[in-house]
Amino acid sequence: MQRRTLNIIFLLAAVALVIAAHLGLLDNYTLTILMFMGINCVFAASLNLVNGYMGEFSCGHAGFMCVGAYVGSLMSVGLFTSSKFFGGPLLPPELAPFLFPLVLLAATLVSALFGLIVALPSFHTRDDYLAIITIAANYIIISIVENIDVIGGPRGFSGMKKTINAMHGVIDIPWMLIWVIISTVICITVLYRLVTSTYGKGIAAVCQNEVAAEIMGVNTNRVKIMAFMVSSGMAGLSGALYAHVYGYVNAQAFNILKSTEGLVMVYLGGMGSLSGVLLAAIVFTLLIEMLRFFIPMLNGTLHAMSLLPADLEVSQIWKWVIIPLILILLMQFRPEGFFGNRELTHIFPRLRRWIYFR
């Protein structure tokens, strides 16, 4: 009963959020931060399936996010808008609110297919080779995209705002917020169901001891490939959402720094902890935004105190020094993250009447 009540509370909170955004009670900046929290939750949870639950080490997951971003953007622009590359819209723009889920589904499936292409050679190796292969895949995907001039090449690709405007033309509600909320809930539910299923026990067995899992009859190759495909597909979904929230996509947005962000969120929350990683994704998103304001303030303070030469500035580029530094400090002082492999209900048992993690 309590768990059903929690679902109702969550549904009401989501509806209230959408209504508040529709009435203009939330400014665009706050709205964008909320949407990026959801996107980061999907991205981090997808990476946690491989690095946390399965015990493998993917370091280039942003490559799959890049695939999803471009596939979703190209489909969205081609189907519902006029563009130089596609010409007129293939479908009436009025159908955009109803067929947009197909765009997200296509981005997910194509990213999962790319995950399969990477997984097939990767899982014939052991130990740290997956990390090397996924880093290489990340660079290959970015290089390929940047060398396809018809989709913008290094200049990037835009036009997705026209699709969002077409949705607003049908019903004027905050569509992207709705899609982010729905996608986040679906991904978290699917991951929860997966890791608590019999198939999920196979993933946990691979994490504990792959040889023992094989002896016990677990088809370890199939388990690893399927888990990697699910993970890369969800990363692609987060990429498609990311592209439509921005209205613009550039391959360099998904370079190794983006993959590092994913690793920080996973290791900050705790590998193998779904609730920990979701909490870490939210905290990390807020931390990034705080740095956006803190760095100029620090720069002004250091100059005011004459601790920095006048020609030396502490710029936003230091944010990309701080993020990998967080990862290094985590590995040194708290490698298990916030929760380790425990869930929120293991730390606060009273929450079990509301939330249940097996």
# chains A, B, ... in the order shown; residues from 1 in each chain; ligands from 1
>>> closest_atom_pairs(of="stretch 63-123 of chain A", to="stretch 178-183 of chain A", cutoff="12 Å", atoms="only C-alpha atoms", output="Markdown table")
| residue | atom | partner | partner_atom | distance |
| --- | --- | --- | --- | --- |
| A:Pro97 | CA | A:Trp179 | CA | 9.9 |
| A:Phe98 | CA | A:Trp179 | CA | 11.3 |
| A:Leu99 | CA | A:Trp179 | CA | 11.9 |
| A:Phe100 | CA | A:Trp179 | CA | 8.9 |
| A:Pro101 | CA | A:Trp179 | CA | 8.2 |
| A:Leu102 | CA | A:Trp179 | CA | 11.8 |
| A:Val103 | CA | A:Trp179 | CA | 11.4 |
| A:Leu104 | CA | A:Ser183 | CA | 8.9 |
| A:Leu105 | CA | A:Ser183 | CA | 10.2 |
| A:Thr108 | CA | A:Ser183 | CA | 11.0 |
>>> residues_around(residues="A:Ser76", least_positions_apart="5", cutoff="12 Å", atoms="only C-alpha atoms", output="JSON list (two decimals) with C-alpha atoms, in the first residue's frame")
[["chain", "number", "residue", "atom", "x", "y", "z"],
["A", 68, "GLY", "CA", 21.90, 8.29, -30.05],
["A", 69, "ALA", "CA", 22.16, 12.08, -30.23],
["A", 70, "TYR", "CA", 22.85, 12.10, -33.97],
["A", 71, "VAL", "CA", 20.39, 9.34, -34.89],
["A", 81, "THR", "CA", 11.00, 19.77, -40.35],
["A", 82, "SER", "CA", 12.38, 21.31, -43.52],
["A", 83, "SER", "CA", 16.16, 21.20, -43.83],
["A", 86, "PHE", "CA", 16.40, 16.32, -46.14],
["A", 89, "PRO", "CA", 9.34, 17.17, -43.86],
["A", 90, "LEU", "CA", 8.53, 13.52, -44.59],
["A", 91, "LEU", "CA", 5.56, 13.64, -42.21],
["A", 92, "PRO", "CA", 3.18, 16.43, -41.18],
["A", 93, "PRO", "CA", 4.84, 18.37, -38.30],
["A", 95, "LEU", "CA", 2.42, 14.37, -35.81],
["A", 96, "ALA", "CA", 5.62, 15.27, -33.93],
["A", 97, "PRO", "CA", 4.11, 14.96, -30.40],
["A", 99, "LEU", "CA", 5.67, 10.03, -33.16],
["A", 100, "PHE", "CA", 8.55, 11.54, -31.16],
["A", 101, "PRO", "CA", 8.75, 8.39, -28.97],
["A", 102, "LEU", "CA", 9.64, 6.49, -32.18],
["A", 103, "VAL", "CA", 12.59, 8.87, -32.66],
["A", 104, "LEU", "CA", 13.79, 8.10, -29.14],
["A", 105, "LEU", "CA", 13.23, 4.37, -29.70],
["A", 106, "ALA", "CA", 15.24, 4.45, -32.95],
["A", 107, "ALA", "CA", 18.11, 6.27, -31.21],
["A", 157, "PHE", "CA", 24.02, 19.65, -36.40],
["A", 158, "SER", "CA", 20.98, 21.72, -35.49],
["A", 159, "GLY", "CA", 17.29, 22.02, -36.33],
["A", 160, "MET", "CA", 15.81, 19.98, -33.49],
["A", 161, "LYS", "CA", 14.17, 23.08, -32.01],
["A", 162, "LYS", "CA", 11.88, 23.11, -35.04],
["A", 163, "THR", "CA", 10.57, 19.70, -33.96],
["A", 164, "ILE", "CA", 9.98, 20.98, -30.44],
["A", 165, "ASN", "CA", 8.24, 24.05, -31.88],
["A", 166, "ALA", "CA", 6.05, 21.76, -33.99],
["A", 167, "MET", "CA", 5.01, 19.96, -30.79],
["A", 240, "ALA", "CA", 18.87, 11.88, -28.08],
["A", 241, "LEU", "CA", 17.26, 13.73, -25.16],
["A", 243, "ALA", "CA", 20.41, 16.87, -28.35],
["A", 244, "HIS", "CA", 16.77, 17.95, -28.25],
["A", 247, "GLY", "CA", 18.58, 22.02, -29.94]]
>>> atom_distance(atom1="atom CA of A:Ile317", atom2="atom CA of A:Ile33")
19.9 Å
>>> residues_around(residues="A:Arg155", least_positions_apart="5", cutoff="12 Å", atoms="only C-alpha atoms", output="list in words")
Val145, Glu146, Asn147, Ile148, Asp149, Val150, Tyr248, Val249, Asn250, Ala251, Gln252 and Ala253 of chain A
>>> atom_distance(atom1="atom CA of A:Leu177", atom2="atom CA of A:Gly276")
23.1 Å
>>> select_by_dssp(residues="stretch 276-346 of chain A", states="helix (DSSP H, G or I)", output="NGL selection string")
:A and (276-304 or 316-333 or 344-346)
>>> residues_around(residues="A:Val15", least_positions_apart="4", cutoff="12 Å", atoms="only C-alpha atoms", output="ChimeraX atom specification")
/A:8-11,19-22,173-174,177-178,181-182
>>> write_last_selection(atoms="N, CA, C and O atoms", output="tab-separated table (two decimals), in the first residue's frame")
chain	number	residue	atom	x	y	z
A	8	ILE	N	2.05	7.15	-6.45
A	8	ILE	CA	1.08	8.23	-6.67
A	8	ILE	C	1.71	9.59	-6.35
A	8	ILE	O	1.52	10.56	-7.08
A	9	ILE	N	2.50	9.63	-5.25
A	9	ILE	CA	3.16	10.88	-4.88
A	9	ILE	C	4.13	11.31	-5.98
A	9	ILE	O	4.20	12.49	-6.36
A	10	PHE	N	4.88	10.33	-6.51
A	10	PHE	CA	5.82	10.66	-7.57
A	10	PHE	C	5.10	11.17	-8.81
A	10	PHE	O	5.52	12.14	-9.44
A	11	LEU	N	3.98	10.50	-9.16
A	11	LEU	CA	3.21	10.94	-10.33
A	11	LEU	C	2.69	12.35	-10.14
A	11	LEU	O	2.78	13.19	-11.05
A	19	ILE	N	3.17	21.25	-14.69
A	19	ILE	CA	2.24	22.39	-14.61
A	19	ILE	C	2.99	23.67	-14.24
A	19	ILE	O	2.76	24.74	-14.82
A	20	ALA	N	3.93	23.55	-13.28
A	20	ALA	CA	4.72	24.73	-12.88
A	20	ALA	C	5.53	25.27	-14.06
A	20	ALA	O	5.63	26.49	-14.26
A	21	ALA	N	6.11	24.35	-14.85
A	21	ALA	CA	6.86	24.79	-16.03
A	21	ALA	C	5.94	25.44	-17.06
A	21	ALA	O	6.29	26.45	-17.67
A	22	HIS	N	4.75	24.87	-17.22
A	22	HIS	CA	3.79	25.39	-18.20
A	22	HIS	C	3.31	26.79	-17.82
A	22	HIS	O	3.11	27.66	-18.67
A	173	ILE	N	2.64	22.77	-24.27
A	173	ILE	CA	3.06	22.31	-22.94
A	173	ILE	C	4.56	22.02	-23.02
A	173	ILE	O	5.11	21.88	-24.12
A	174	PRO	N	5.27	21.95	-21.87
A	174	PRO	CA	6.73	21.70	-21.90
A	174	PRO	C	7.05	20.26	-22.31
A	174	PRO	O	7.30	19.39	-21.47
A	177	LEU	N	10.43	18.43	-21.18
A	177	LEU	CA	10.42	18.03	-19.77
A	177	LEU	C	9.62	16.73	-19.61
A	177	LEU	O	10.03	15.81	-18.88
A	178	ILE	N	8.51	16.64	-20.32
A	178	ILE	CA	7.67	15.44	-20.24
A	178	ILE	C	8.43	14.22	-20.77
A	178	ILE	O	8.46	13.16	-20.15
A	181	ILE	N	11.14	13.16	-18.29
A	181	ILE	CA	10.58	12.46	-17.11
A	181	ILE	C	10.17	11.04	-17.48
A	181	ILE	O	10.52	10.07	-16.79
A	182	ILE	N	9.44	10.90	-18.59
A	182	ILE	CA	8.97	9.56	-19.00
A	182	ILE	C	10.16	8.64	-19.29
A	182	ILE	O	10.20	7.48	-18.84
>>> atom_distance(atom1="atom CA of A:Ser275", atom2="atom CA of A:Leu237")
19.7 Å
>>> closest_atom_pairs(of="stretch 10-74 of chain A", to="stretch 134-137 of chain A", cutoff="6 Å", atoms="only C-alpha atoms", output="tab-separated table")
residue	atom	partner	partner_atom	distance
A:Ser58	CA	A:Thr134	CA	5.9
A:Cys59	CA	A:Ile135	CA	5.6
A:Gly60	CA	A:Ile135	CA	4.4
